[in-house]
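Q: Have a look at this one.
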Amino acid sequence: MTTTEVLIHDLVEKHGKSRNALMPVLQGVVACEKFLSEEAMIAVARELDLSAADVYGTASFYTFLDTKPRGKNIVRVCKTISCHMQGKDAIIKAIENHLMVKVGETSPDKKFTLLTANCLGWCHKGPVMLINDEVFPSVTPEKAIEIIEEFAKKTI
Amino acid sequence: MDQKPLKKIDIIFGWDDKCTPIQVVEKTIKKTPENIILDMIDSGLKGRGGAGFPTGLKWKFCRNEESEVKYVICNADEGEPGTFKDREILDKVPEKIFAGMTICGYVIGAREGYIYVRGEYNFMLKTLQQKIDIFNQQLHDMKVDFHVFLRSGSGAYVCGEESALFESMEGKRGEPRNKPPYPTVAGYNNKPTVINNVETLVYTSEICRMGPEQFKALGTNDSRGSKVFSVSGDTPIAGIYELELGMPLRDFVDEFGDGDTKAIQVGGASGHCVPRKKFNDTIIGFEGIPTGGSMMIFNSSRSMYNVLHDYLEFFTEESCGQCTPCRIGCQQLLKGIEAVKKGERPPTYLDDLKRLTATMKIAAKCGLGQSVANPFTSIVDNFREEIIY
């Protein structure tokens with residue numbers, strides 16, 4: 001078995017072999033691999049006895065269940081109104097320049113994917129960004145770059 | 001109209017050492033389920049997620065259903081732009097949520113409760129799970145047959161719609177179902193289910209702690225009690241505040257505005273925009289403008305075109321795409337205001353777009369598509385020049 005298959009097998013053991021386990025299993029794969037490869041979705045389908053199309057159907061509905069290859073860290077900058085008013089454009093621009101990518105792209109060293117997100121629930125402390133599951137409220141362009149640099153150092 | 005001056009309250013985040021959440025459970029389950037339902041109805045508590053359905057009735061309907069298996073679900077898929085109160089409650093006083101769920105489980109006859117937390121709040125899952133484990137152990141020690149579980153979403157706003165949330169928990173696309181049947185008849189796994197907002201569940205446990213009288217004394221006839229507000233935008237004191245319901249918007253602006261408030265969006269992107277000239281005669285509550293708690297303040301430096309554009313972009317992206325009025329409607333509204341702004345369409349085109357929102361209101365399948373009319377008409381009607389020029 002490949003590492004992905006082993007991971008999926010373990011997740012199914014943990015969450016049970018039912019359709020209700022599909023979301024937790026897909027979330028578990030994304031937590032480790034950052035996105036759902038075709039191989040992963042087929043393996044999930046096999047383990048849960050669903051059609052691969054069904055698994056893709058569910059996965060493709062959710063923003064956080066990416067089906068496209070992503071970098072080792074996913075940066076999501078909130079773009080909804082409150083963060084917009086508090087300067088999210090400057091944050092996005094700073095990160096784009098620093099990583100030399102546009103929103104939606106992955107840096108050449110595969111360390112970061114830059115995305116935007118709808119309201120992250122920190123409207124009183126915007127602009128806010130998520131890196132993977134970690135949240136960083138009240139960021140400035142300088143602070144955003146510092147945080148990204150720290151993640152870059154931690155990522156091999 | 002019945003109204004109350006602005007008053008800060010401390011029920012949700014307050015802590016009573018002599019009566020902790022688990023002690024509230026212990027005390028409450030000595031009563032009969034019928035009496036607890038009567039207390040809930042008597043308190044006048046209505047759902048705090050935005051729709052405002054009377055909580056006691058919801059519990060009663062579900063209790064009346066014959067079924068071996070029933071569920072309690074806590075809707076923590078807080079995605080409405082401008083709302084962040086549930087995160088704070090989950091962070092500060094989660095035990096009160098668990099207590100509310102347990103009491104609800106006892107009342108309706110459910111043995112399992114699920115908290116569905118939005119994926120954006122994944123960072124709190126670990127601590128939350130630890131607190132759930134402690135609480136479940138306490139329930140076990142008290143020989144209460146109820147267990148709390150944790151589930152998380154994956155970044156879909158529409159999953160805050162109750163039936164879409166069930167679909168998501170069942171491993172499907174988060175597409176809302178037709179209603180009826182309502183969740184109290186056929187919810188999660190098609191079993192009778194009570195689904196309540198985070199804040200509502202906390203109030204249920206607080207009403208059990210202090211009795212319905214004290215809760216009922218707050219607010220107005222139609223809007224009993226208090227409510228947690230998420231205040232953001234052009235304000236020097238953004239944050240979370242629990243306020244008595246039924247205050248005039250004027251009081252709110254005086255307390256939270258920056259002195260130059262032009263408009264307030266009450267109830268998030270799907271809510272209503274109230275312009276300055278209506279501050280005096282708008283009441284925050286079910287008799288006026290109800291809200292899930294989001295209060296976004298805009299001062300005169302803000303372009304209401306940009307605000308509306310942001311909202312429409314949000315809805316276009318978050319529409320689940322299942323029904324045509326919402327999927328196509330949101331896109332056309334967005335394109336439409338862009339065209340009017342650029343002068344490619346005459347200003348009267350805005351009236352055609354308003355008719356489109358009226359169609360969406362009656363034809364869209366769920367609250368998402370139905371409520372786009374709220375921000376659209378309230379912004380276009382009050383700030384027409386800003387949309388055109």
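For the structure tokens, the naming scheme is as follows: chains receive sequential letters (A, B, ...) according to their order of presentation, residues are indexed from 1 within each chain, and ligands are indexed from 1 in presentation order.
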Would you mind listing, as a VMD selection string, all residues of chain B that have at least one atom within 7 Å of chain A, where only C-alpha atoms are what counts?
A: chain B and resid 79 81 to 84 120 122 to 123 154 to 156 169 to 173 231 to 233 238 to 239 307 310 314
Q: Just list as a ChimeraX atom specification whatever in chain A DSSP marks as helix (DSSP H, G or I).
A: /A:3-15,19-33,38-48,52-59,81-85,88-99,123-125,141-154
Q: Between B:Lys7, B:Lys262, B:Lys46, B:Arg345, which is the closest to Arg302 (chain B) once you count only C-alpha atoms?
A: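 Of all the options, B:Lys262 lies closest to Arg302 (chain B).
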Q: Extract the full set of strand (DSSP E) residues from chain A according to DSSP on the backbone, and format it as a count of residues only.
A: 18
Q: What's around region 150-154 of chain A at 12 Å? Count only C-alpha atoms, leave out sequence neighbours fewer than 4 positions away in its own chain, and write the answer as a ChimeraX atom specification.
A: /A:71-75,98-99,107,109-113,131-132,134,143-146
Q: Those selected residues, please, written with C-alpha atoms and delivered as an mmCIF file, in the first residue's frame.
A:
data_model
loop_
_atom_site.group_PDB
_atom_site.id
_atom_site.type_symbol
_atom_site.label_atom_id
_atom_site.label_comp_id
_atom_site.auth_asym_id
_atom_site.auth_seq_id
_atom_site.Cartn_x
_atom_site.Cartn_y
_atom_site.Cartn_z
ATOM 1 C CA GLY A 71 1.789 23.900 -1.447
ATOM 2 C CA LYS A 72 2.931 22.650 1.946
ATOM 3 C CA ASN A 73 1.325 25.653 3.608
ATOM 4 C CA ILE A 74 -1.950 27.197 2.572
ATOM 5 C CA VAL A 75 -2.324 30.918 3.203
ATOM 6 C CA HIS A 98 7.040 38.334 -1.424
ATOM 7 C CA LEU A 99 6.183 34.867 -2.716
ATOM 8 C CA SER A 107 5.162 29.285 -4.992
ATOM 9 C CA ASP A 109 9.446 25.983 -4.113
ATOM 10 C CA LYS A 110 5.992 24.461 -3.368
ATOM 11 C CA LYS A 111 6.080 25.844 0.168
ATOM 12 C CA PHE A 112 3.045 28.150 -0.091
ATOM 13 C CA THR A 113 -0.274 28.427 -1.870
ATOM 14 C CA ILE A 131 -2.067 29.637 7.530
ATOM 15 C CA ASN A 132 -3.192 26.032 7.464
ATOM 16 C CA GLU A 134 -3.563 28.726 12.492
ATOM 17 C CA LYS A 143 3.788 41.304 9.978
ATOM 18 C CA ALA A 144 2.245 39.043 7.321
ATOM 19 C CA ILE A 145 5.623 38.659 5.606
ATOM 20 C CA GLU A 146 7.351 37.974 8.936
#
Q: Find the residue from A:Glu13, A:Glu96, A:Glu105, A:Glu47 that sits nearest to Pro141 (chain A); use only C-alpha atoms when measuring.
A: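 Smallest separation from Pro141 (chain A) among the options: A:Glu96.
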Q: For Glu33 (chain A), list every protein, DNA or RNA residue within 10 Å, evaluated using only C-alpha atoms, and leave out those in the same chain fewer than 3 positions away; present the list as an NGL selection string.
A: :A and (4 or 7 or 27-30 or 36-37 or 40 or 69-72)
Q: From the list B:Val185, B:Val117, B:Gly14, B:Asp133, which residue is nearest Arg63 (chain B) when using only C-alpha atoms?
A: B:Val185
Q: Residues near Ser226 (chain B), anyone? I mean within 6 Å using only C-alpha atoms, not counting same-chain ones fewer than 6 positions away, as a list in words.
A: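 In the requested format, the answer is Leu243, Glu244 and Leu245 of chain B.
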Q: What does the distance from CA of Ser378 (chain B) to CA of Val266 (chain B) come to in Å, to one decimal?
A: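 Computed distance, CA of Ser378 (chain B) to CA of Val266 (chain B), equals 10.8 Å.
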